[in-house]
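**Q** Below is structure_32.txt; it holds compact mmCIF, C-alpha atoms.
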```
# COMPACT_ATOMS: atom_id res chain seq x y z
CA MET A 26 -72.36 -15.31 -12.99
CA PHE A 27 -69.90 -14.51 -15.76
CA GLN A 28 -69.45 -18.06 -17.07
CA GLY A 29 -71.59 -17.31 -20.14
CA ASN A 30 -68.84 -15.65 -22.21
CA PHE A 31 -67.46 -18.31 -24.54
CA SER A 32 -65.63 -15.80 -26.78
CA GLY A 33 -61.94 -15.02 -26.84
CA VAL A 34 -62.35 -11.52 -25.36
CA THR A 35 -61.33 -11.32 -21.70
CA GLU A 36 -61.12 -7.53 -21.46
CA PHE A 37 -62.35 -4.39 -23.19
CA ASN A 38 -60.80 -1.03 -23.91
CA LEU A 39 -63.10 1.93 -23.17
CA ALA A 40 -62.61 4.58 -25.88
CA GLY A 41 -63.85 7.31 -23.55
CA LEU A 42 -65.70 10.55 -24.18
CA THR A 43 -63.15 11.99 -26.63
CA ASP A 44 -59.80 11.04 -28.17
CA LYS A 45 -58.50 14.62 -28.41
CA PRO A 46 -55.38 14.95 -26.17
CA GLY A 47 -55.89 18.67 -25.52
CA LEU A 48 -59.27 18.02 -23.89
CA GLN A 49 -58.21 15.20 -21.55
CA LEU A 50 -56.98 17.31 -18.61
CA PRO A 51 -59.78 19.95 -18.73
CA LEU A 52 -62.41 17.19 -18.94
CA PHE A 53 -60.74 15.28 -16.11
CA LEU A 54 -60.89 18.34 -13.85
CA LEU A 55 -64.47 19.12 -14.94
CA PHE A 56 -65.83 15.63 -14.24
CA LEU A 57 -63.80 15.29 -11.05
CA GLY A 58 -65.50 18.46 -9.81
CA ILE A 59 -68.89 17.12 -10.88
CA TYR A 60 -68.18 13.84 -9.07
CA VAL A 61 -67.27 15.64 -5.83
CA VAL A 62 -70.37 17.84 -6.02
CA THR A 63 -72.56 14.80 -6.77
CA VAL A 64 -71.25 12.71 -3.89
CA VAL A 65 -71.30 15.56 -1.37
CA GLY A 66 -74.72 16.81 -2.53
CA ASN A 67 -76.48 13.45 -2.44
CA LEU A 68 -74.86 12.34 0.82
CA SER A 69 -75.82 15.67 2.36
CA MET A 70 -79.42 15.27 1.18
CA ILE A 71 -79.64 11.74 2.61
CA THR A 72 -78.09 12.86 5.92
CA LEU A 73 -80.32 15.93 6.20
CA ILE A 74 -83.50 13.93 5.62
CA LEU A 75 -82.36 11.22 8.03
CA PHE A 76 -81.64 13.60 10.91
CA SER A 77 -84.35 16.23 10.35
CA SER A 78 -87.67 15.16 11.86
CA GLN A 79 -89.62 17.78 9.90
CA LEU A 80 -88.54 16.02 6.69
CA HIS A 81 -89.82 12.61 7.79
CA THR A 82 -92.66 12.63 5.28
CA PRO A 83 -93.33 10.43 2.22
CA MET A 84 -92.10 13.09 -0.21
CA TYR A 85 -88.69 13.24 1.47
CA TYR A 86 -88.44 9.47 1.97
CA PHE A 87 -88.74 9.19 -1.80
CA LEU A 88 -86.26 12.04 -2.26
CA SER A 89 -83.70 10.32 -0.01
CA SER A 90 -84.14 7.15 -2.06
CA LEU A 91 -83.63 9.15 -5.27
CA SER A 92 -80.46 10.64 -3.79
CA PHE A 93 -79.22 7.14 -2.95
CA ILE A 94 -79.86 6.02 -6.55
CA ASP A 95 -78.06 9.09 -7.94
CA LEU A 96 -75.12 8.54 -5.58
CA CYS A 97 -74.77 4.90 -6.63
CA GLN A 98 -75.11 5.74 -10.32
CA SER A 99 -72.30 8.27 -10.14
CA ILE A 100 -70.05 5.81 -8.26
CA VAL A 101 -70.69 3.16 -10.92
CA ILE A 102 -69.91 5.45 -13.89
CA ILE A 103 -67.60 8.37 -13.07
CA PRO A 104 -64.49 6.80 -11.43
CA LYS A 105 -63.83 4.56 -14.45
CA MET A 106 -64.50 7.51 -16.73
CA LEU A 107 -61.90 9.63 -14.90
CA VAL A 108 -59.30 6.90 -15.42
CA ASN A 109 -59.81 7.22 -19.17
CA PHE A 110 -58.69 10.87 -19.10
CA VAL A 111 -55.32 10.09 -17.48
CA ALA A 112 -54.53 6.57 -18.75
CA VAL A 113 -53.18 5.66 -22.18
CA LYS A 114 -55.61 2.75 -22.31
CA ASN A 115 -58.63 2.37 -20.06
CA ILE A 116 -58.85 -1.40 -19.73
CA ILE A 117 -61.87 -3.04 -18.12
CA SER A 118 -62.11 -6.80 -17.68
CA TYR A 119 -65.06 -8.77 -19.00
CA PRO A 120 -66.49 -9.47 -15.50
CA GLU A 121 -66.03 -5.81 -14.49
CA CYS A 122 -67.75 -4.66 -17.69
CA MET A 123 -70.74 -6.93 -17.16
CA THR A 124 -70.95 -5.86 -13.50
CA GLN A 125 -70.85 -2.18 -14.45
CA PHE A 126 -73.54 -2.75 -17.08
CA CYS A 127 -75.75 -4.57 -14.57
CA PHE A 128 -75.47 -1.86 -11.90
CA PHE A 129 -75.86 0.93 -14.45
CA ALA A 130 -79.09 -0.65 -15.75
CA THR A 131 -80.33 -1.23 -12.20
CA PHE A 132 -79.97 2.38 -11.08
CA THR A 133 -81.20 3.86 -14.37
CA ILE A 134 -84.40 1.78 -14.23
CA ALA A 135 -84.80 2.58 -10.53
CA GLU A 136 -84.54 6.32 -11.20
CA CYS A 137 -87.23 6.13 -13.91
CA HIS A 138 -89.74 4.50 -11.60
CA MET A 139 -88.75 6.52 -8.51
CA LEU A 140 -89.52 9.75 -10.39
CA ALA A 141 -92.93 8.26 -11.28
CA VAL A 142 -93.57 7.36 -7.64
CA MET A 143 -92.68 10.91 -6.60
CA ALA A 144 -95.14 12.29 -9.18
CA TYR A 145 -97.89 10.07 -7.78
CA ASP A 146 -97.03 11.29 -4.27
CA ARG A 147 -97.48 14.91 -5.40
CA TYR A 148 -100.79 13.96 -7.08
CA VAL A 149 -102.16 12.52 -3.83
CA ALA A 150 -100.85 15.47 -1.78
CA ILE A 151 -102.48 18.11 -4.01
CA CYS A 152 -105.55 16.36 -5.40
CA LYS A 153 -106.52 14.27 -2.35
CA PRO A 154 -105.04 16.14 0.66
CA LEU A 155 -107.56 14.77 3.18
CA LEU A 156 -106.65 11.18 2.25
CA TYR A 157 -102.91 11.78 1.99
CA ASN A 158 -101.89 10.30 5.35
CA ALA A 159 -104.01 7.20 4.75
CA VAL A 160 -103.01 6.65 1.12
CA MET A 161 -99.31 7.43 1.57
CA SER A 162 -98.77 5.61 4.87
CA TYR A 163 -95.34 4.40 5.96
CA GLN A 164 -96.18 0.84 4.87
CA VAL A 165 -97.39 1.96 1.44
CA CYS A 166 -94.29 4.11 0.90
CA SER A 167 -92.02 1.24 1.92
CA TRP A 168 -93.74 -1.14 -0.49
CA MET A 169 -93.53 1.42 -3.31
CA ILE A 170 -89.80 1.90 -2.78
CA PHE A 171 -89.34 -1.87 -2.53
CA GLY A 172 -91.30 -2.31 -5.78
CA VAL A 173 -89.06 0.20 -7.56
CA TYR A 174 -85.92 -1.71 -6.61
CA ILE A 175 -87.49 -5.07 -7.52
CA MET A 176 -88.42 -3.83 -11.01
CA ALA A 177 -84.92 -2.40 -11.42
CA PHE A 178 -83.27 -5.62 -10.26
CA VAL A 179 -85.39 -7.86 -12.50
CA GLY A 180 -84.94 -5.63 -15.55
CA ALA A 181 -81.19 -5.22 -15.13
CA THR A 182 -80.58 -8.89 -14.29
CA THR A 183 -82.56 -10.08 -17.31
CA GLN A 184 -80.63 -7.84 -19.70
CA THR A 185 -77.32 -8.84 -18.13
CA VAL A 186 -78.06 -12.57 -18.39
CA PHE A 187 -78.81 -12.22 -22.11
CA MET A 188 -75.72 -10.02 -22.54
CA LEU A 189 -73.65 -12.87 -21.09
CA LYS A 190 -74.85 -15.06 -23.96
CA VAL A 191 -73.41 -12.67 -26.55
CA HIS A 192 -70.16 -13.81 -28.18
CA PHE A 193 -67.36 -11.29 -28.68
CA CYS A 194 -64.56 -11.91 -31.16
CA LYS A 195 -61.35 -9.93 -31.67
CA ALA A 196 -62.74 -6.39 -31.54
CA ASN A 197 -62.67 -5.17 -27.95
CA VAL A 198 -62.76 -1.35 -28.13
CA ILE A 199 -66.02 -0.06 -26.65
CA ASN A 200 -66.83 3.27 -28.28
CA HIS A 201 -68.12 4.77 -25.04
CA TYR A 202 -66.96 5.84 -21.58
CA PHE A 203 -68.73 2.96 -19.83
CA CYS A 204 -70.19 -0.46 -20.66
CA ASP A 205 -73.53 0.42 -22.20
CA LEU A 206 -75.84 -1.80 -24.21
CA SER A 207 -75.51 -0.46 -27.77
CA PRO A 208 -71.67 -0.18 -27.86
CA LEU A 209 -71.37 -3.73 -26.51
CA LEU A 210 -73.80 -5.16 -29.06
CA GLU A 211 -71.84 -3.44 -31.85
CA LEU A 212 -68.83 -5.60 -30.91
CA SER A 213 -70.80 -8.84 -31.04
CA CYS A 214 -69.98 -11.55 -33.59
CA SER A 215 -73.16 -13.48 -32.75
CA ASP A 216 -76.84 -12.79 -33.39
CA THR A 217 -78.11 -9.99 -31.11
CA PHE A 218 -81.75 -9.96 -32.26
CA ILE A 219 -83.07 -11.18 -28.89
CA ASN A 220 -80.95 -8.62 -27.04
CA GLU A 221 -82.23 -5.78 -29.24
CA VAL A 222 -85.87 -6.82 -28.87
CA LEU A 223 -85.45 -7.24 -25.12
CA ALA A 224 -83.74 -3.85 -24.85
CA LEU A 225 -86.52 -2.18 -26.83
CA CYS A 226 -89.23 -3.79 -24.67
CA PHE A 227 -87.52 -2.78 -21.43
CA SER A 228 -86.78 0.71 -22.75
CA VAL A 229 -90.42 1.26 -23.70
CA PHE A 230 -91.67 -0.14 -20.39
CA ASN A 231 -89.19 1.74 -18.21
CA ILE A 232 -89.58 5.05 -20.07
CA PHE A 233 -93.18 4.96 -21.36
CA ILE A 234 -94.92 3.66 -18.22
CA PRO A 235 -93.22 6.12 -15.81
CA THR A 236 -93.72 8.95 -18.31
CA LEU A 237 -97.43 8.08 -18.62
CA THR A 238 -97.72 7.99 -14.81
CA ILE A 239 -95.99 11.35 -14.49
CA LEU A 240 -98.04 13.02 -17.24
CA SER A 241 -101.31 11.66 -15.84
CA SER A 242 -100.41 12.83 -12.34
CA TYR A 243 -99.55 16.32 -13.52
CA ILE A 244 -102.67 16.66 -15.65
CA PHE A 245 -104.75 16.11 -12.50
CA ILE A 246 -102.39 18.31 -10.46
CA ILE A 247 -102.66 21.22 -12.91
CA ALA A 248 -106.44 20.85 -13.02
CA SER A 249 -106.56 20.99 -9.20
CA ILE A 250 -104.22 23.98 -9.05
CA LEU A 251 -106.35 25.91 -11.56
CA ARG A 252 -109.38 25.39 -9.30
CA ILE A 253 -107.58 27.15 -6.42
CA LYS A 254 -108.94 30.69 -6.27
CA SER A 255 -106.11 32.49 -4.45
CA THR A 256 -102.89 33.32 -6.30
CA GLU A 257 -100.89 32.51 -3.19
CA GLY A 258 -102.48 29.07 -2.96
CA ARG A 259 -101.71 28.33 -6.60
CA SER A 260 -98.13 29.47 -6.20
CA LYS A 261 -97.63 27.32 -3.10
CA ALA A 262 -99.13 24.25 -4.77
CA PHE A 263 -97.04 24.67 -7.89
CA SER A 264 -93.82 25.27 -5.91
CA THR A 265 -94.09 21.78 -4.39
CA CYS A 266 -93.96 20.31 -7.92
CA SER A 267 -91.53 22.62 -9.73
CA SER A 268 -88.38 20.84 -8.53
CA HIS A 269 -89.74 17.46 -9.57
CA ILE A 270 -90.79 18.77 -13.00
CA SER A 271 -87.27 20.10 -13.62
CA ALA A 272 -85.65 16.78 -12.65
CA VAL A 273 -88.10 14.78 -14.79
CA ALA A 274 -87.62 16.99 -17.87
CA ILE A 275 -83.82 16.67 -17.84
CA PHE A 276 -83.70 12.95 -17.04
CA PHE A 277 -86.43 11.63 -19.35
CA GLY A 278 -85.51 14.05 -22.14
CA SER A 279 -81.94 12.79 -22.36
CA LEU A 280 -83.01 9.16 -21.81
CA ALA A 281 -85.59 9.27 -24.62
CA PHE A 282 -83.07 10.93 -26.93
CA MET A 283 -80.64 8.12 -26.19
CA TYR A 284 -82.82 5.00 -26.41
CA LEU A 285 -85.93 5.85 -28.44
CA GLN A 286 -84.22 7.04 -31.62
CA PRO A 287 -83.12 4.75 -34.48
CA SER A 288 -79.36 4.13 -34.51
CA SER A 289 -79.20 5.45 -38.10
CA ILE A 290 -80.35 8.89 -36.89
CA ASN A 291 -78.58 8.95 -33.53
CA SER A 292 -74.78 8.87 -33.91
CA MET A 293 -72.50 7.49 -31.20
CA ASP A 294 -71.14 10.97 -30.43
CA GLN A 295 -74.70 12.18 -29.84
CA ARG A 296 -75.34 9.16 -27.62
CA LYS A 297 -72.26 9.93 -25.54
CA VAL A 298 -73.38 13.52 -24.97
CA SER A 299 -76.91 12.36 -24.13
CA SER A 300 -75.50 9.73 -21.75
CA VAL A 301 -73.51 12.40 -19.92
CA PHE A 302 -76.78 14.14 -19.00
CA TYR A 303 -78.62 11.22 -17.41
CA THR A 304 -75.62 9.37 -15.94
CA ILE A 305 -73.56 12.33 -14.68
CA VAL A 306 -75.34 15.71 -14.89
CA VAL A 307 -78.73 14.62 -13.50
CA PRO A 308 -77.28 12.96 -10.35
CA MET A 309 -75.38 16.19 -9.69
CA LEU A 310 -78.35 18.50 -10.36
CA ASN A 311 -81.03 16.64 -8.40
CA PRO A 312 -79.83 17.56 -4.88
CA LEU A 313 -79.22 21.15 -6.06
CA ILE A 314 -82.68 21.41 -7.62
CA TYR A 315 -84.45 19.96 -4.59
CA SER A 316 -82.48 22.05 -2.09
CA LEU A 317 -82.29 25.44 -3.79
CA ARG A 318 -85.95 25.41 -4.85
CA ASN A 319 -87.43 23.84 -1.72
CA LYS A 320 -88.30 25.95 1.32
CA ASP A 321 -88.66 22.94 3.67
CA VAL A 322 -85.16 21.72 2.82
CA LYS A 323 -83.69 25.19 3.34
CA VAL A 324 -85.36 25.51 6.77
CA ALA A 325 -84.26 22.00 7.78
CA LEU A 326 -80.70 22.72 6.62
CA ASN A 327 -80.52 25.93 8.67
CA LYS A 328 -81.78 24.11 11.78
CA PHE A 329 -79.38 21.23 11.18
CA LEU A 330 -76.40 23.59 10.86
CA GLU A 331 -77.48 25.56 13.95
CA ARG A 332 -77.66 22.30 15.90
CA ILE A 333 -74.17 21.32 14.77
CA PHE A 334 -72.69 24.74 15.64
CA SER A 335 -74.37 24.80 19.04
CA CYS A 336 -72.95 21.33 19.83
CA GLU A 337 -69.44 22.50 18.86
CA GLN A 338 -69.73 25.59 21.12
CA ASN A 339 -70.82 23.48 24.06
```
As a first step, turn the structure in this file into structure tokens.
**A**
Amino acid sequence: MFQGNFSGVTEFNLAGLTDKPGLQLPLFLLFLGIYVVTVVGNLSMITLILFSSQLHTPMYYFLSSLSFIDLCQSIVIIPKMLVNFVAVKNIISYPECMTQFCFFATFTIAECHMLAVMAYDRYVAICKPLLYNAVMSYQVCSWMIFGVYIMAFVGATTQTVFMLKVHFCKANVINHYFCDLSPLLELSCSDTFINEVLALCFSVFNIFIPTLTILSSYIFIIASILRIKSTEGRSKAFSTCSSHISAVAIFFGSLAFMYLQPSSINSMDQRKVSSVFYTIVVPMLNPLIYSLRNKDVKVALNKFLERIFSCEQN
């Protein structure tokens, strides 16, 4: 797979989040804590949904898939980032860099479309409740999840294949904490026009299309909620969407800030901060948002813990 690199560079040096020595240890401890919370939170969400029959609904199937994506994204990014805080030089080989880039792109694209699928699920649940079981059947949900991963795989693989055609010369310091598209292209000594056009097309497709789907879904959802006469009914309908809205706002906001601004306006330091949100903060927040603000998850968690404690006592 990595035979396409005909340049002299066999490894890269990741510059990391900051070069200030006084911040290395505090940032290491901060992101180590975030990593632990992310892994435990997403694994717990997946386990809870798997073993709680009351959560075996389309909404929570999608949520478990989102947790899996977040878990994988954090595993791809954070461990190598932590090394940078304690090592003099954070060296990553060319094959490792291309592999990290490919998996990073895969899970980022998958998260974009999974959030759109979850918005459509809420649209059907609120706007077409009588047809919900028929429209969102197990087969349909499975095909939707499968479609998300196929789009992510195709998009990430295409970008990686074209990245393998890029020639790198002597410069090998990536001004980032992971192998991202823009910092890699900045090191190129060959023409990157095709890569930039391809990246723009995929960025627009993977951000604009899901965003349009989400906005359209919520326009219909809000219209349906406003037609509900009782305050309690409105509150209940809105509560099923509030967690998803929070997750979407943080993820797509940081993603758009990162990829849809001209490089002349958006400095690399700003890109690093923006990247921290959608690669590290969002995977940590998602299980917290969906558990703390979701009554069904709280009830299922209490039952799950009671079942565990009763088994230990017996």
**Q** Quick one, how far is CA of Ile314 in chain A from CA of His269 in chain A?
**A**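 The value is 8.3 Å.
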**Q** Report the distance between CA of Asn231 in chain A and CA of Met169 in chain A in Å, rounded to one decimal place.
**A** 15.5 Å
**Q** Can you list, as a PyMOL selection string, every protein, DNA or RNA residue that comes within 6 Å of range 90-99 of chain A when you count all atoms listed in the file, leaving out same-chain residues fewer than 3 positions away?
**A** chain A and resi 64+67+87+102-103+132+308
**Q** Would you compute the distance between CA of Lys114 in chain A and CA of Val198 in chain A? Give it in Å to one decimal.
**A**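 One can read the CA of Lys114 in chain A to CA of Val198 in chain A distance as 10.1 Å.
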**Q** What's around range 153-162 of chain A at 10 Å? Count all atoms listed in the file, leave out sequence neighbours fewer than 5 positions away in its own chain, and write the answer as a ChimeraX atom specification.
**A** /A:82-84,145-148,167-169,246,249
**Q** Nearest to Leu48 in chain A: which of A:Ile116, A:Ile71, A:Gln184, A:Phe110 is it, counting only C-alpha atoms?
**A** A:Phe110
**Q** Considering only C-alpha atoms, return as a count of residues only whatever protein or nucleic-acid residues lie within 9 Å of Cys266 in chain A, sequence-local ones (same chain, fewer than 4 positions apart) excluded.
**A** 6
**Q** I'd like the neighbourhood of Tyr303 in chain A as a list in words, where a residue qualifies if any of its atoms comes within 9 Å (using all atoms listed in the file), though same-chain residues fewer than 6 positions away should be ignored.
**A**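 Returned residues: Thr133, Ile275, Phe276, Phe277, Gly278, Ser279 and Leu280 of chain A.
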**Q** Residues near Ile239 in chain A, anyone? I mean within 9 Å using only C-alpha atoms, not counting same-chain ones fewer than 2 positions away, as a list in words.
**A**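 Contacts, in chain order: Leu140, Ala141, Val142, Met143, Ala144, Tyr145, Ile234, Pro235, Thr236, Leu237, Ser241, Ser242, Tyr243, Ile244 and Val273 of chain A.
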**Q** Include C-alpha atoms and write out the residues we just selected as an mmCIF file, in the frame of the given file.
**A**
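Contents of the output file again32.cif:
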```cif
data_model
loop_
_atom_site.group_PDB
_atom_site.id
_atom_site.type_symbol
_atom_site.label_atom_id
_atom_site.label_comp_id
_atom_site.auth_asym_id
_atom_site.auth_seq_id
_atom_site.Cartn_x
_atom_site.Cartn_y
_atom_site.Cartn_z
ATOM 1 C CA LEU A 140 -89.520 9.750 -10.390
ATOM 2 C CA ALA A 141 -92.930 8.260 -11.280
ATOM 3 C CA VAL A 142 -93.570 7.360 -7.640
ATOM 4 C CA MET A 143 -92.680 10.910 -6.600
ATOM 5 C CA ALA A 144 -95.140 12.290 -9.180
ATOM 6 C CA TYR A 145 -97.890 10.070 -7.780
ATOM 7 C CA ILE A 234 -94.920 3.660 -18.220
ATOM 8 C CA PRO A 235 -93.220 6.120 -15.810
ATOM 9 C CA THR A 236 -93.720 8.950 -18.310
ATOM 10 C CA LEU A 237 -97.430 8.080 -18.620
ATOM 11 C CA SER A 241 -101.310 11.660 -15.840
ATOM 12 C CA SER A 242 -100.410 12.830 -12.340
ATOM 13 C CA TYR A 243 -99.550 16.320 -13.520
ATOM 14 C CA ILE A 244 -102.670 16.660 -15.650
ATOM 15 C CA VAL A 273 -88.100 14.780 -14.790
#
```
**Q** Choose the residue, out of A:Ser268, A:Thr63, A:Thr131, A:Thr183, that has the smallest atom-to-atom separation from Ile219 in chain A; count all atoms listed in the file.
**A**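 The answer is A:Thr183, which sits nearest to Ile219 in chain A.
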**Q** Between A:Asn38, A:Ser69, A:Ser213, A:Ser267, which is the closest to Pro312 in chain A once you count only C-alpha atoms?
**A**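 Among the listed residues, A:Ser69 lies closest to Pro312 in chain A.
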**Q** Which residue, A:Leu313, A:Leu57, A:Ile232, A:Leu210, has the smallest gap to Lys190 in chain A when you use only C-alpha atoms?
**A** A:Leu210
**Q** Given the choices A:Val101, A:Val108, A:Met139, A:Leu88, which gets closest to Met123 in chain A if the distance is worked out from all atoms listed in the file?
**A**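 Of all the options, A:Val101 lies closest to Met123 in chain A.
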**Q** Please rebuild range 134-143 of chain A with all heavy atoms and return the result as a short mmCIF file (atom, residue, chain, number, x, y, z; two decimals), in the frame of the given file.
**A**
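Wrote result35.cif, looks like this:
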```
data_model
loop_
_atom_site.label_atom_id
_atom_site.label_comp_id
_atom_site.auth_asym_id
_atom_site.auth_seq_id
_atom_site.Cartn_x
_atom_site.Cartn_y
_atom_site.Cartn_z
N ILE A 134 -83.00 2.21 -14.31
CA ILE A 134 -84.40 1.78 -14.23
C ILE A 134 -85.03 2.25 -12.93
O ILE A 134 -86.18 2.74 -12.91
CB ILE A 134 -84.50 0.24 -14.35
CG1 ILE A 134 -84.04 -0.21 -15.74
CG2 ILE A 134 -85.93 -0.23 -14.08
CD1 ILE A 134 -83.92 -1.72 -15.89
N ALA A 135 -84.28 2.14 -11.83
CA ALA A 135 -84.80 2.58 -10.53
C ALA A 135 -85.13 4.07 -10.53
O ALA A 135 -86.16 4.49 -9.98
CB ALA A 135 -83.78 2.27 -9.43
N GLU A 136 -84.28 4.88 -11.16
CA GLU A 136 -84.54 6.32 -11.20
C GLU A 136 -85.81 6.63 -11.99
O GLU A 136 -86.61 7.50 -11.60
CB GLU A 136 -83.36 7.07 -11.81
CG GLU A 136 -83.56 8.56 -11.90
CD GLU A 136 -82.38 9.37 -11.41
OE1 GLU A 136 -81.37 8.77 -11.00
OE2 GLU A 136 -82.47 10.61 -11.42
N CYS A 137 -86.02 5.92 -13.11
CA CYS A 137 -87.23 6.13 -13.91
C CYS A 137 -88.48 5.93 -13.07
O CYS A 137 -89.38 6.78 -13.05
CB CYS A 137 -87.26 5.14 -15.09
SG CYS A 137 -86.04 5.45 -16.37
N HIS A 138 -88.53 4.82 -12.36
CA HIS A 138 -89.74 4.50 -11.60
C HIS A 138 -89.84 5.31 -10.30
O HIS A 138 -90.95 5.59 -9.83
CB HIS A 138 -89.78 3.00 -11.30
CG HIS A 138 -89.97 2.16 -12.54
ND1 HIS A 138 -91.18 2.07 -13.19
CD2 HIS A 138 -89.09 1.41 -13.25
CE1 HIS A 138 -91.04 1.28 -14.25
NE2 HIS A 138 -89.80 0.88 -14.31
N MET A 139 -88.71 5.69 -9.72
CA MET A 139 -88.75 6.52 -8.51
C MET A 139 -89.32 7.91 -8.83
O MET A 139 -90.09 8.47 -8.04
CB MET A 139 -87.35 6.65 -7.90
CG MET A 139 -87.34 7.33 -6.54
SD MET A 139 -88.36 6.48 -5.31
CE MET A 139 -87.44 4.93 -5.13
N LEU A 140 -88.97 8.45 -9.98
CA LEU A 140 -89.52 9.75 -10.39
C LEU A 140 -91.04 9.64 -10.61
O LEU A 140 -91.79 10.57 -10.30
CB LEU A 140 -88.83 10.24 -11.66
CG LEU A 140 -87.39 10.73 -11.48
CD1 LEU A 140 -86.73 10.96 -12.84
CD2 LEU A 140 -87.34 12.00 -10.65
N ALA A 141 -91.49 8.48 -11.11
CA ALA A 141 -92.93 8.26 -11.28
C ALA A 141 -93.63 8.16 -9.93
O ALA A 141 -94.72 8.71 -9.75
CB ALA A 141 -93.16 6.99 -12.10
N VAL A 142 -93.01 7.48 -8.99
CA VAL A 142 -93.57 7.36 -7.64
C VAL A 142 -93.68 8.73 -6.99
O VAL A 142 -94.68 9.05 -6.33
CB VAL A 142 -92.70 6.42 -6.78
CG1 VAL A 142 -93.04 6.55 -5.30
CG2 VAL A 142 -92.87 4.97 -7.23
N MET A 143 -92.67 9.56 -7.18
CA MET A 143 -92.68 10.91 -6.60
C MET A 143 -93.78 11.76 -7.23
O MET A 143 -94.39 12.60 -6.56
CB MET A 143 -91.31 11.56 -6.79
CG MET A 143 -90.21 10.89 -5.98
SD MET A 143 -88.55 11.52 -6.35
CE MET A 143 -88.62 13.12 -5.54
#
```
